[in-house]
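Text of the file run25.txt, holding compact mmCIF, C-alpha atoms:
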```txt
# COMPACT_ATOMS: atom_id res chain seq x y z
CA GLY L 1320 0.00 0.00 0.00
CA THR L 1321 1.00 3.68 0.06
CA VAL L 1322 3.68 4.44 2.66
CA PRO L 1323 5.68 7.58 3.56
CA VAL L 1324 8.82 6.09 1.98
CA GLY L 1325 10.33 8.56 -0.44
CA ARG L 1326 8.85 11.60 1.34
CA TYR L 1327 12.36 13.00 1.61
CA VAL L 1328 12.68 13.01 -2.17
CA ILE L 1329 9.27 14.57 -2.61
CA ALA L 1330 9.87 17.12 0.15
CA GLY L 1331 13.17 18.04 -1.43
CA LEU L 1332 11.48 18.68 -4.76
CA LEU L 1333 8.90 20.88 -3.05
CA LEU L 1334 11.60 22.89 -1.23
CA VAL L 1335 13.38 23.50 -4.54
CA ALA L 1336 10.13 24.75 -6.05
CA VAL L 1337 9.56 27.10 -3.09
CA ALA L 1338 13.09 28.44 -3.32
CA LEU L 1339 12.69 29.20 -7.00
CA ASN L 1340 9.42 31.00 -6.39
CA GLY L 1341 11.07 33.09 -3.69
CA CYS L 1342 13.86 34.41 -5.89
CA GLY L 1343 12.11 37.59 -6.92
CA GLY L 1344 9.93 35.94 -9.48
CA PRO L 1345 6.17 36.25 -9.54
CA ALA L 1346 4.23 33.71 -7.61
CA ARG L 1347 3.09 30.77 -9.69
CA PRO L 1348 -0.12 28.84 -9.21
CA ALA L 1349 0.25 25.63 -7.29
CA GLY L 1350 0.75 22.56 -9.45
CA PRO L 1351 -0.74 19.13 -8.97
CA GLY L 1352 -0.05 17.34 -5.72
CA ALA L 1353 2.92 15.05 -5.32
CA PRO L 1354 2.30 11.61 -6.77
CA ALA L 1355 1.69 8.72 -4.41
CA VAL L 1356 4.58 6.44 -3.58
CA THR L 1357 3.71 2.75 -3.64
CA VAL L 1358 5.80 -0.08 -2.31
CA VAL L 1359 5.25 -3.67 -3.37
CA LYS L 1360 6.88 -6.88 -2.28
CA ALA L 1361 8.44 -9.20 -4.80
CA LEU L 1362 6.39 -12.36 -5.13
CA GLN L 1363 7.66 -15.88 -5.50
CA LYS L 1364 5.48 -18.48 -7.17
CA GLU L 1365 5.62 -21.35 -9.61
CA VAL L 1366 5.56 -20.13 -13.20
CA THR L 1367 5.97 -21.57 -16.65
CA GLU L 1368 7.85 -19.17 -18.90
CA TRP L 1369 6.76 -18.45 -22.46
CA ASP L 1370 9.15 -16.72 -24.85
CA ASP L 1371 7.67 -14.08 -27.17
CA TYR L 1372 8.32 -13.97 -30.91
CA THR L 1373 6.90 -12.38 -34.01
CA GLY L 1374 6.18 -14.74 -36.86
CA ARG L 1375 4.59 -15.02 -40.27
CA LEU L 1376 2.06 -17.59 -41.41
CA ALA L 1377 2.78 -19.76 -44.45
CA ALA L 1378 0.92 -22.50 -46.28
CA VAL L 1379 1.93 -26.11 -45.74
CA ASP L 1380 1.38 -26.67 -49.48
CA GLU L 1381 1.75 -23.93 -52.08
CA VAL L 1382 1.35 -25.12 -55.66
CA ASP L 1383 1.76 -23.40 -59.02
CA VAL L 1384 -0.84 -24.86 -61.37
CA ARG L 1385 0.65 -25.27 -64.86
CA ALA L 1386 -0.42 -27.10 -67.99
CA GLN L 1387 1.32 -30.35 -68.91
CA VAL L 1388 0.18 -30.17 -72.55
CA SER L 1389 -0.11 -27.27 -74.97
CA GLY L 1390 -3.28 -26.04 -76.59
CA TYR L 1391 -6.11 -23.53 -76.46
CA LEU L 1392 -7.71 -22.95 -73.07
CA GLU L 1393 -11.30 -24.03 -73.61
CA SER L 1394 -12.94 -23.38 -70.24
CA ILE L 1395 -12.39 -22.37 -66.59
CA HIS L 1396 -14.29 -24.22 -63.86
CA PHE L 1397 -13.76 -22.28 -60.63
CA LYS L 1398 -14.50 -18.90 -59.13
CA ASP L 1399 -11.48 -16.76 -58.35
CA GLY L 1400 -10.53 -17.04 -54.68
CA GLN L 1401 -12.77 -19.96 -53.77
CA ILE L 1402 -11.90 -23.01 -51.68
CA VAL L 1403 -11.16 -26.05 -53.83
CA LYS L 1404 -10.65 -29.68 -52.96
CA LYS L 1405 -7.98 -31.98 -54.30
CA GLY L 1406 -9.17 -33.41 -57.62
CA ASP L 1407 -11.63 -30.60 -58.45
CA LEU L 1408 -11.71 -29.67 -62.13
CA LEU L 1409 -10.08 -26.27 -62.75
CA PHE L 1410 -9.36 -25.89 -66.50
CA ILE L 1411 -10.00 -27.74 -69.75
CA ILE L 1412 -7.63 -27.44 -72.70
CA ASP L 1413 -9.13 -28.16 -76.13
CA PRO L 1414 -9.01 -32.00 -76.15
CA ARG L 1415 -9.77 -32.61 -79.85
CA PRO L 1416 -6.18 -32.83 -81.13
CA TYR L 1417 -5.27 -35.23 -78.33
CA GLN L 1418 -8.41 -37.30 -78.88
CA ALA L 1419 -7.40 -37.70 -82.53
CA VAL L 1420 -3.92 -38.88 -81.52
CA LEU L 1421 -5.47 -41.35 -79.09
CA ASP L 1422 -7.83 -42.69 -81.77
CA ARG L 1423 -4.89 -43.21 -84.09
CA ALA L 1424 -2.96 -44.97 -81.34
CA ILE L 1425 -5.90 -47.27 -80.61
CA ALA L 1426 -6.09 -48.18 -84.29
CA GLY L 1427 -2.37 -48.79 -84.36
CA GLU L 1428 -2.65 -51.14 -81.41
CA LYS L 1429 -5.42 -53.14 -83.11
CA GLN L 1430 -3.33 -53.38 -86.25
CA ALA L 1431 -0.32 -54.60 -84.27
CA GLU L 1432 -2.45 -57.18 -82.47
CA ALA L 1433 -3.78 -58.45 -85.80
CA GLY L 1434 -0.20 -58.77 -87.07
CA GLN L 1435 0.76 -60.70 -83.97
CA SER L 1436 -2.18 -63.10 -84.40
CA LEU L 1437 -1.11 -63.81 -87.98
CA ALA L 1438 2.50 -64.31 -86.91
CA ASP L 1439 1.37 -66.75 -84.19
CA VAL L 1440 -0.63 -68.79 -86.72
CA ASN L 1441 2.21 -68.86 -89.26
CA LEU L 1442 4.70 -69.93 -86.60
CA LYS L 1443 2.44 -72.74 -85.44
CA ARG L 1444 1.88 -73.92 -89.02
CA THR L 1445 5.60 -73.84 -89.78
CA GLN L 1446 6.38 -75.79 -86.60
CA GLU L 1447 3.96 -78.57 -87.72
CA LEU L 1448 5.56 -78.70 -91.18
CA ALA L 1449 9.01 -78.74 -89.68
CA LYS L 1450 8.10 -81.84 -87.65
CA GLN L 1451 7.15 -83.54 -90.93
CA LYS L 1452 10.41 -82.42 -92.51
CA VAL L 1453 8.44 -80.52 -95.13
CA VAL L 1454 10.12 -77.12 -94.58
CA ALA L 1455 13.69 -76.21 -93.91
CA SER L 1456 14.84 -75.14 -90.44
CA GLN L 1457 15.61 -71.71 -91.91
CA ASP L 1458 11.93 -71.16 -92.62
CA LEU L 1459 11.10 -72.03 -89.02
CA ASP L 1460 13.66 -69.54 -87.75
CA ASP L 1461 12.20 -66.83 -90.02
CA GLN L 1462 8.71 -67.41 -88.65
CA ARG L 1463 9.94 -67.27 -85.06
CA SER L 1464 11.64 -63.92 -85.77
CA LYS L 1465 8.48 -62.52 -87.37
CA GLN L 1466 6.42 -63.63 -84.40
CA LEU L 1467 8.78 -61.86 -81.96
CA GLN L 1468 8.69 -58.70 -84.08
CA ALA L 1469 4.89 -58.77 -84.13
CA ALA L 1470 4.78 -59.12 -80.32
CA ALA L 1471 7.17 -56.17 -79.93
CA SER L 1472 5.01 -54.09 -82.28
CA VAL L 1473 2.05 -54.72 -80.02
CA GLN L 1474 4.01 -53.48 -77.02
CA VAL L 1475 5.04 -50.33 -78.89
CA ALA L 1476 1.47 -49.68 -79.98
CA GLN L 1477 0.22 -50.14 -76.40
CA ALA L 1478 2.82 -47.69 -75.08
CA GLU L 1479 1.83 -45.13 -77.70
CA MET L 1480 -1.82 -45.57 -76.77
CA LYS L 1481 -1.05 -45.04 -73.04
CA ALA L 1482 0.93 -41.89 -73.84
CA ALA L 1483 -1.89 -40.57 -75.99
CA GLN L 1484 -4.42 -41.33 -73.26
CA LEU L 1485 -2.24 -39.57 -70.69
CA ASN L 1486 -1.96 -36.45 -72.84
CA LEU L 1487 -5.72 -36.45 -73.32
CA ASP L 1488 -6.19 -36.71 -69.55
CA PHE L 1489 -3.81 -33.75 -69.09
CA THR L 1490 -6.25 -31.55 -71.00
CA ARG L 1491 -8.40 -31.67 -67.84
CA ILE L 1492 -6.41 -29.79 -65.19
CA THR L 1493 -7.49 -30.63 -61.63
CA ALA L 1494 -6.51 -29.27 -58.22
CA PRO L 1495 -3.37 -31.05 -56.95
CA VAL L 1496 -4.09 -30.04 -53.31
CA SER L 1497 -6.99 -28.71 -51.27
CA GLY L 1498 -6.94 -25.04 -50.33
CA ARG L 1499 -7.78 -21.55 -51.52
CA ILE L 1500 -7.21 -20.85 -55.19
CA ASP L 1501 -5.94 -17.55 -56.59
CA ARG L 1502 -7.45 -15.75 -59.58
CA HIS L 1503 -7.04 -17.29 -63.03
CA LEU L 1504 -4.03 -15.83 -64.82
CA VAL L 1505 -5.02 -16.90 -68.36
CA SER L 1506 -8.40 -16.27 -70.00
CA GLU L 1507 -10.38 -18.68 -72.13
CA GLY L 1508 -9.26 -18.84 -75.76
CA ASN L 1509 -5.58 -18.21 -75.10
CA LEU L 1510 -2.94 -20.58 -76.41
CA ILE L 1511 -0.93 -21.96 -73.52
CA SER L 1512 2.34 -23.88 -73.40
CA GLY L 1513 2.75 -27.00 -71.34
CA GLY L 1514 5.02 -29.84 -70.43
CA ALA L 1515 8.22 -27.83 -69.84
CA ALA L 1516 9.88 -25.64 -67.23
CA ALA L 1517 8.47 -22.59 -69.03
CA ALA L 1518 4.94 -23.97 -69.02
CA THR L 1519 2.23 -21.33 -68.66
CA LEU L 1520 1.29 -20.52 -65.06
CA LEU L 1521 -2.50 -20.74 -64.81
CA THR L 1522 -3.08 -20.04 -61.10
CA THR L 1523 -1.81 -20.95 -57.64
CA ILE L 1524 -3.31 -22.82 -54.68
CA VAL L 1525 -2.35 -22.52 -51.02
CA SER L 1526 -3.47 -25.01 -48.40
CA LEU L 1527 -5.02 -23.57 -45.24
CA ASP L 1528 -5.57 -26.36 -42.73
CA PRO L 1529 -3.18 -26.99 -41.09
CA ILE L 1530 -0.94 -23.92 -41.43
CA TYR L 1531 2.69 -23.08 -40.59
CA ALA L 1532 4.07 -20.18 -38.55
CA TYR L 1533 7.75 -19.31 -39.10
CA PHE L 1534 9.76 -17.22 -36.63
CA GLU L 1535 13.38 -16.34 -35.83
CA ALA L 1536 15.19 -16.84 -32.52
CA ASP L 1537 18.51 -15.16 -31.74
CA GLU L 1538 21.64 -17.03 -30.68
CA GLN L 1539 21.09 -16.28 -26.99
CA ALA L 1540 17.64 -17.90 -27.06
CA TYR L 1541 18.96 -20.82 -29.07
CA LEU L 1542 21.76 -21.43 -26.55
CA LYS L 1543 19.25 -21.26 -23.70
CA TYR L 1544 17.17 -24.01 -25.30
CA VAL L 1545 20.26 -26.14 -25.97
CA ARG L 1546 21.42 -25.87 -22.34
CA LEU L 1547 17.94 -26.63 -21.00
CA ASP L 1548 17.86 -29.71 -23.20
CA ARG L 1549 21.27 -30.90 -22.00
CA SER L 1550 20.29 -30.38 -18.37
CA GLY L 1551 17.09 -32.36 -18.90
CA GLU L 1552 14.82 -29.45 -17.94
CA ARG L 1553 13.24 -28.92 -21.36
CA GLN L 1554 13.57 -31.11 -24.43
CA SER L 1555 14.75 -29.58 -27.66
CA SER L 1556 12.07 -28.72 -30.21
CA ARG L 1557 14.05 -30.88 -32.65
CA GLU L 1558 13.09 -33.92 -30.60
CA LYS L 1559 9.78 -32.90 -29.02
CA ALA L 1560 6.81 -30.97 -30.36
CA ASN L 1561 6.94 -28.25 -27.70
CA PRO L 1562 3.72 -26.20 -27.38
CA VAL L 1563 3.40 -22.84 -29.14
CA ARG L 1564 0.63 -20.27 -28.68
CA LEU L 1565 -0.47 -17.77 -31.34
CA ALA L 1566 -2.40 -14.50 -31.44
CA LEU L 1567 -3.54 -12.38 -34.36
CA ALA L 1568 -3.20 -8.61 -34.41
CA ASP L 1569 -6.71 -8.01 -33.04
CA GLU L 1570 -6.72 -10.76 -30.41
CA ASP L 1571 -6.08 -10.59 -26.67
CA GLY L 1572 -4.14 -13.41 -25.11
CA PHE L 1573 -3.00 -16.34 -27.24
CA PRO L 1574 -6.10 -18.36 -28.15
CA HIS L 1575 -4.57 -20.58 -30.85
CA GLU L 1576 -2.56 -23.59 -29.69
CA GLY L 1577 -0.03 -25.38 -31.87
CA ARG L 1578 3.25 -27.23 -31.65
CA MET L 1579 6.80 -27.04 -32.96
CA ASN L 1580 7.62 -29.26 -35.93
CA PHE L 1581 10.91 -27.92 -37.35
CA VAL L 1582 14.11 -26.12 -36.31
CA GLN L 1583 16.61 -25.01 -38.92
CA ASN L 1584 19.90 -26.93 -39.03
CA ARG L 1585 22.17 -23.87 -38.73
CA VAL L 1586 22.34 -20.27 -37.53
CA ASP L 1587 22.07 -17.69 -40.31
CA VAL L 1588 25.46 -15.96 -40.59
CA ASN L 1589 23.86 -12.73 -41.81
CA THR L 1590 21.22 -12.29 -39.11
CA ALA L 1591 22.65 -14.45 -36.28
CA THR L 1592 19.24 -16.08 -35.91
CA ILE L 1593 17.89 -19.57 -36.34
CA GLN L 1594 14.50 -20.29 -37.85
CA GLY L 1595 11.80 -22.30 -36.15
CA ARG L 1596 8.45 -23.48 -37.44
CA ALA L 1597 5.22 -24.29 -35.63
CA ILE L 1598 2.10 -25.90 -37.03
CA PHE L 1599 -1.49 -24.99 -36.12
CA GLU L 1600 -4.86 -26.51 -36.88
CA ASN L 1601 -7.04 -24.04 -38.79
CA PRO L 1602 -10.51 -25.56 -39.19
CA ASP L 1603 -12.31 -22.20 -39.42
CA LEU L 1604 -9.73 -20.89 -41.94
CA LEU L 1605 -9.21 -17.74 -39.86
CA LEU L 1606 -5.43 -18.00 -40.21
CA THR L 1607 -4.20 -16.95 -43.65
CA PRO L 1608 -0.76 -17.37 -45.26
CA GLY L 1609 1.25 -14.15 -45.12
CA GLN L 1610 -0.24 -12.78 -41.88
CA PHE L 1611 2.07 -11.46 -39.16
CA VAL L 1612 1.31 -13.08 -35.80
CA ARG L 1613 2.49 -12.99 -32.20
CA LEU L 1614 3.85 -16.28 -30.88
CA GLN L 1615 4.78 -17.71 -27.51
CA LEU L 1616 7.04 -20.75 -27.32
CA LEU L 1617 7.36 -22.79 -24.14
CA GLY L 1618 10.57 -21.41 -22.64
CA SER L 1619 10.96 -23.38 -19.42
CA PRO L 1620 9.39 -26.09 -17.29
CA PRO L 1621 7.39 -25.03 -14.20
CA HIS L 1622 9.73 -23.48 -11.61
CA GLN L 1623 9.80 -21.04 -8.70
CA ALA L 1624 10.43 -17.46 -9.84
CA VAL L 1625 10.52 -13.94 -8.41
CA LEU L 1626 7.99 -11.53 -9.97
CA ILE L 1627 7.21 -7.83 -9.75
CA PRO L 1628 4.91 -5.50 -11.73
CA ASP L 1629 6.39 -4.75 -15.12
CA GLU L 1630 5.97 -1.01 -14.50
CA ALA L 1631 8.45 -1.23 -11.63
CA ILE L 1632 11.37 -1.87 -13.98
CA LEU L 1633 13.19 1.25 -15.16
CA SER L 1634 15.83 1.75 -17.82
CA ASP L 1635 19.25 3.35 -17.49
CA GLN L 1636 20.46 3.32 -21.08
CA SER L 1637 20.73 -0.43 -21.80
CA GLN L 1638 20.63 -1.42 -18.13
CA LYS L 1639 17.42 -2.37 -16.32
CA PHE L 1640 17.05 -1.46 -12.65
CA VAL L 1641 14.58 -1.04 -9.78
CA TRP L 1642 14.53 0.96 -6.57
CA VAL L 1643 14.63 -1.41 -3.60
CA ILE L 1644 13.67 -0.31 -0.08
CA GLY L 1645 16.32 -1.48 2.36
CA ALA L 1646 17.14 -0.84 6.00
CA GLU L 1647 15.75 2.34 7.57
CA ASN L 1648 13.38 2.73 4.62
CA LYS L 1649 16.12 4.00 2.35
CA SER L 1650 15.91 3.38 -1.39
CA GLU L 1651 18.69 1.47 -3.12
CA TYR L 1652 19.49 1.39 -6.87
CA ARG L 1653 19.52 -2.27 -7.92
CA LYS L 1654 20.38 -3.72 -11.36
CA VAL L 1655 18.11 -6.59 -12.42
CA LYS L 1656 17.85 -9.06 -15.26
CA PRO L 1657 14.20 -9.28 -16.38
CA GLY L 1658 12.64 -12.37 -17.88
CA PRO L 1659 9.35 -12.80 -19.77
CA LEU L 1660 5.97 -11.46 -18.69
CA ASN L 1661 3.67 -13.67 -16.65
CA GLY L 1662 0.32 -11.92 -16.92
CA VAL L 1663 0.92 -8.35 -15.67
CA LEU L 1664 4.01 -9.39 -13.72
CA ARG L 1665 7.58 -9.66 -14.97
CA VAL L 1666 9.88 -12.53 -14.06
CA ILE L 1667 13.15 -11.30 -12.52
CA ARG L 1668 15.97 -13.72 -13.27
CA GLU L 1669 18.70 -11.94 -11.30
CA GLY L 1670 19.05 -9.04 -8.84
CA LEU L 1671 15.98 -9.43 -6.64
CA LYS L 1672 14.85 -11.81 -3.91
CA HIS L 1673 11.51 -12.93 -2.63
CA ASN L 1674 9.80 -10.40 -0.32
CA GLU L 1675 12.22 -7.56 -1.11
CA ARG L 1676 10.33 -4.29 -1.41
CA VAL L 1677 10.33 -2.33 -4.65
CA VAL L 1678 9.35 1.33 -4.85
CA GLY L 1679 8.06 3.66 -7.51
CA LEU L 1680 5.59 6.45 -8.26
CA GLY L 1681 2.04 5.46 -9.03
CA TRP L 1682 2.59 1.70 -9.23
CA ARG L 1683 -0.16 -0.73 -8.51
CA SER L 1684 0.11 -2.89 -5.41
CA PHE L 1685 -0.72 -6.55 -5.65
```
Since I need it in another form, could you write the structure as structure tokens?
Amino acid sequence: GTVPVGRYVIAGLLLVAVALNGCGGPARPAGPGAPAVTVVKALQKEVTEWDDYTGRLAAVDEVDVRAQVSGYLESIHFKDGQIVKKGDLLFIIDPRPYQAVLDRAIAGEKQAEAGQSLADVNLKRTQELAKQKVVASQDLDDQRSKQLQAAASVQVAQAEMKAAQLNLDFTRITAPVSGRIDRHLVSEGNLISGGAAAATLLTTIVSLDPIYAYFEADEQAYLKYVRLDRSGERQSSREKANPVRLALADEDGFPHEGRMNFVQNRVDVNTATIQGRAIFENPDLLLTPGQFVRLQLLGSPPHQAVLIPDEAILSDQSQKFVWVIGAENKSEYRKVKPGPLNGVLRVIREGLKHNERVVGLGWRSF
């Protein structure tokens, strides 16, 4: 609660103000009253630390839809931006040229099969005559060769028919994955190229459920996780799917729960960070690839920690400190090493003990 600690500081400030007013200058109206001084005791309780990160959402599957055969785009079978399922029809390329090739291949296969049937009959007839010594062995060898050639021709014709059928099937372009489709990039009637690295890009699809969140951790955080793993306090996210919590820009708290499923195999030499990836279920499709999100990764197992209000921590350039009330109610400058937030309280890793009193102007007691 509010105590008279610090009244000497406040009284000193008031005396300075009075002295300045008494130095021949005109009297000034009284300002606001001196702010209340609040003293709080550092708590100690069991906490589980969560480390804060900023991340970006990304699709698990992101597919460029391209044509595998060339031809005129005959029709489009989706609405730009809709949800599609794997196997849904998206585009049709004019199938008539490929149907003609397939018809020719089917005819070629029938012709090859007819040739093989004739070769089989001739070989059988020649074998009977050879047994009766009516034909020479050379004639038998010739018939055997023709029969093998006819069988090979059938295999070639069947392969050509399968290739023609495959190309005809490729004129119907279907969704390779489920997700949200982009707008169509080519209009009906355009001639498109297919089957090569430079094949025409028709649209893209991104999967939505589940969804990835990528984030970067600095070397200090990475080393902390490694040492916790080696001490047995917290398993590495390489080995265990540690919990991760997520919040969107307009959300309070961290309502979305996920888990780690990847840690990069090296530290980036340019940024001195290492990339991690978490995966989240997204049944309502609220999470969208490309969004910035706030993340919390499990940073420690449950342990006893010292906590004070976050507002009690002050900054002296790069150093964090608090005012601690010691013997005879005198304030003492104390450097501290803050940890993560736990609700409205801040974990203090070093510099403060349980039940030590911390002072400041206008702080809340708890």
Could you jot down the CA of Ile1492 in chain L to CA of Gln1387 in chain L separation for me, Å, one decimal place? 8.6 Å
Can you tell me, as a list in words, what residues are no more than 12 Å from Asp1370 in chain L when counting only C-alpha atoms, ignoring any on the same chain fewer than 5 positions away?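 So the residues in contact are Phe1534, Glu1535, Ala1536, Asp1537, Ala1540, Tyr1541, Lys1543, Tyr1544, Pro1562, Val1563, Arg1564, Leu1565, Arg1613, Leu1614, Gln1615, Leu1616, Leu1617, Gly1618, Ser1619, Gly1658, Pro1659, Leu1660, Asn1661 and Val1666 of chain L.
Comparing the minimum interatomic distances between Leu1527 in chain L and each of L:Gly1551, L:Gly1577, L:Gly1374, L:Pro1608, counting all atoms listed in the file, we find that L:Pro1608 sits nearest.
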Exercise: Gln1466 in chain L partners within 7 Å, only C-alpha atoms, chain neighbours under 3 positions left out, as a ChimeraX atom specification: /L:1435,1438-1439,1442,1462-1463,1469-1470
Let me see the file: selected residues, C-alpha atoms, as a short mmCIF file (atom, residue, chain, number, x, y, z; two decimals), in the coordinates of the input.
```
data_model
loop_
_atom_site.label_atom_id
_atom_site.label_comp_id
_atom_site.auth_asym_id
_atom_site.auth_seq_id
_atom_site.Cartn_x
_atom_site.Cartn_y
_atom_site.Cartn_z
CA GLN L 1435 0.76 -60.70 -83.97
CA ALA L 1438 2.50 -64.31 -86.91
CA ASP L 1439 1.37 -66.75 -84.19
CA LEU L 1442 4.70 -69.93 -86.60
CA GLN L 1462 8.71 -67.41 -88.65
CA ARG L 1463 9.94 -67.27 -85.06
CA ALA L 1469 4.89 -58.77 -84.13
CA ALA L 1470 4.78 -59.12 -80.32
#
```
Expected answer as a list in words: all residues with atoms within 10 Å of (0.4, -28.1, -54.5), all atoms listed in the file: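 Residues with an atom at most 10 Å from (0.4, -28.1, -54.5): Ala1378, Val1379, Asp1380, Glu1381, Val1382, Asp1383, Val1384, Lys1405, Ala1494, Pro1495, Val1496, Ser1497, Gly1498, Thr1523, Ile1524, Val1525 and Ser1526 of chain L.
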Name all residues at most 10 Å from Ala1624 in chain L (count only C-alpha atoms; drop same-chain ones fewer than 5 positions away) and give them as an mmCIF file with C-alpha atoms, in the coordinates of the input.
```
data_model
loop_
_atom_site.group_PDB
_atom_site.id
_atom_site.type_symbol
_atom_site.label_atom_id
_atom_site.label_comp_id
_atom_site.auth_asym_id
_atom_site.auth_seq_id
_atom_site.Cartn_x
_atom_site.Cartn_y
_atom_site.Cartn_z
ATOM 1 C CA ALA L 1361 8.440 -9.200 -4.800
ATOM 2 C CA LEU L 1362 6.390 -12.360 -5.130
ATOM 3 C CA GLN L 1363 7.660 -15.880 -5.500
ATOM 4 C CA LYS L 1364 5.480 -18.480 -7.170
ATOM 5 C CA GLU L 1365 5.620 -21.350 -9.610
ATOM 6 C CA VAL L 1366 5.560 -20.130 -13.200
ATOM 7 C CA THR L 1367 5.970 -21.570 -16.650
ATOM 8 C CA GLU L 1368 7.850 -19.170 -18.900
ATOM 9 C CA GLY L 1658 12.640 -12.370 -17.880
ATOM 10 C CA ARG L 1665 7.580 -9.660 -14.970
ATOM 11 C CA VAL L 1666 9.880 -12.530 -14.060
ATOM 12 C CA ILE L 1667 13.150 -11.300 -12.520
ATOM 13 C CA ARG L 1668 15.970 -13.720 -13.270
ATOM 14 C CA LYS L 1672 14.850 -11.810 -3.910
ATOM 15 C CA HIS L 1673 11.510 -12.930 -2.630
#
```
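Nearest residue to Leu1408 in chain L, choosing from L:Asp1488, L:Asp1422, L:Asp1635, L:Glu1600 and counting all atoms listed in the file: L:Asp1488.
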Name the residues in contact with Ile1644 in chain L at a cut-off of 9 Å, using only C-alpha atoms, excluding same-chain residues fewer than 4 positions from it; report them as JSON, numbers by chain. {"L": [1324, 1358, 1648, 1649, 1650, 1651, 1675, 1676, 1677, 1678]}
Residues near Tyr1533 in chain L, cut-off 7 Å, all atoms listed in the file, skip fewer than 2 positions along chain, as a list in words: Gly1374, Arg1375, Leu1376, Tyr1531, Gln1594, Gly1595, Arg1596 and Ala1597 of chain L
Just-selected residues, C-alpha atoms written as a PDB file, in the frame of the given file:
```pdb
ATOM      1  CA  GLY L1374       6.180 -14.740 -36.860  1.00  0.00           C
ATOM      2  CA  ARG L1375       4.590 -15.020 -40.270  1.00  0.00           C
ATOM      3  CA  LEU L1376       2.060 -17.590 -41.410  1.00  0.00           C
ATOM      4  CA  TYR L1531       2.690 -23.080 -40.590  1.00  0.00           C
ATOM      5  CA  GLN L1594      14.500 -20.290 -37.850  1.00  0.00           C
ATOM      6  CA  GLY L1595      11.800 -22.300 -36.150  1.00  0.00           C
ATOM      7  CA  ARG L1596       8.450 -23.480 -37.440  1.00  0.00           C
ATOM      8  CA  ALA L1597       5.220 -24.290 -35.630  1.00  0.00           C
TER       9      ALA L1597
END
```
Which residues, protein or nucleic acid, reach to within 8 Å of (-10.3, -21.7, -74.8) in the file's coordinates when using all atoms listed in the file, and can you give that as a list in words? Tyr1391, Leu1392, Glu1393, Ser1394, Ile1411, Ile1412, Asp1413, Ser1506, Glu1507, Gly1508, Asn1509 and Leu1510 of chain L
Separation of CA of Gly1670 in chain L from CA of Asp1548 in chain L, in Å and rounded to one decimal: 25.2 Å
Which distance in Å separates CA of Phe1599 in chain L and CA of Ala1532 in chain L, to one decimal?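 According to the coordinates, CA of Phe1599 in chain L and CA of Ala1532 in chain L are separated by 7.7 Å.
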Compare L:Ala1433, L:Ala1566, L:Ala1482, L:Leu1504 by their minimum atom-to-atom distance to Phe1410 in chain L, counting only C-alpha atoms, and give me the closest one. L:Leu1504
Can you work out which one of L:Pro1602, L:Pro1416, L:Gly1572, L:Gly1400 has the shortest atom-to-atom distance to Ile1500 in chain L, counting all atoms listed in the file?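 Result for the nearest residue to Ile1500 in chain L: L:Gly1400.
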Could you check the closest approach to His1575 in chain L for each of L:Gln1446, L:Asn1589, L:Asn1601, L:Gln1554 and tell me which residue wins, using all atoms listed in the file?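 The answer is L:Asn1601, which sits nearest to His1575 in chain L.
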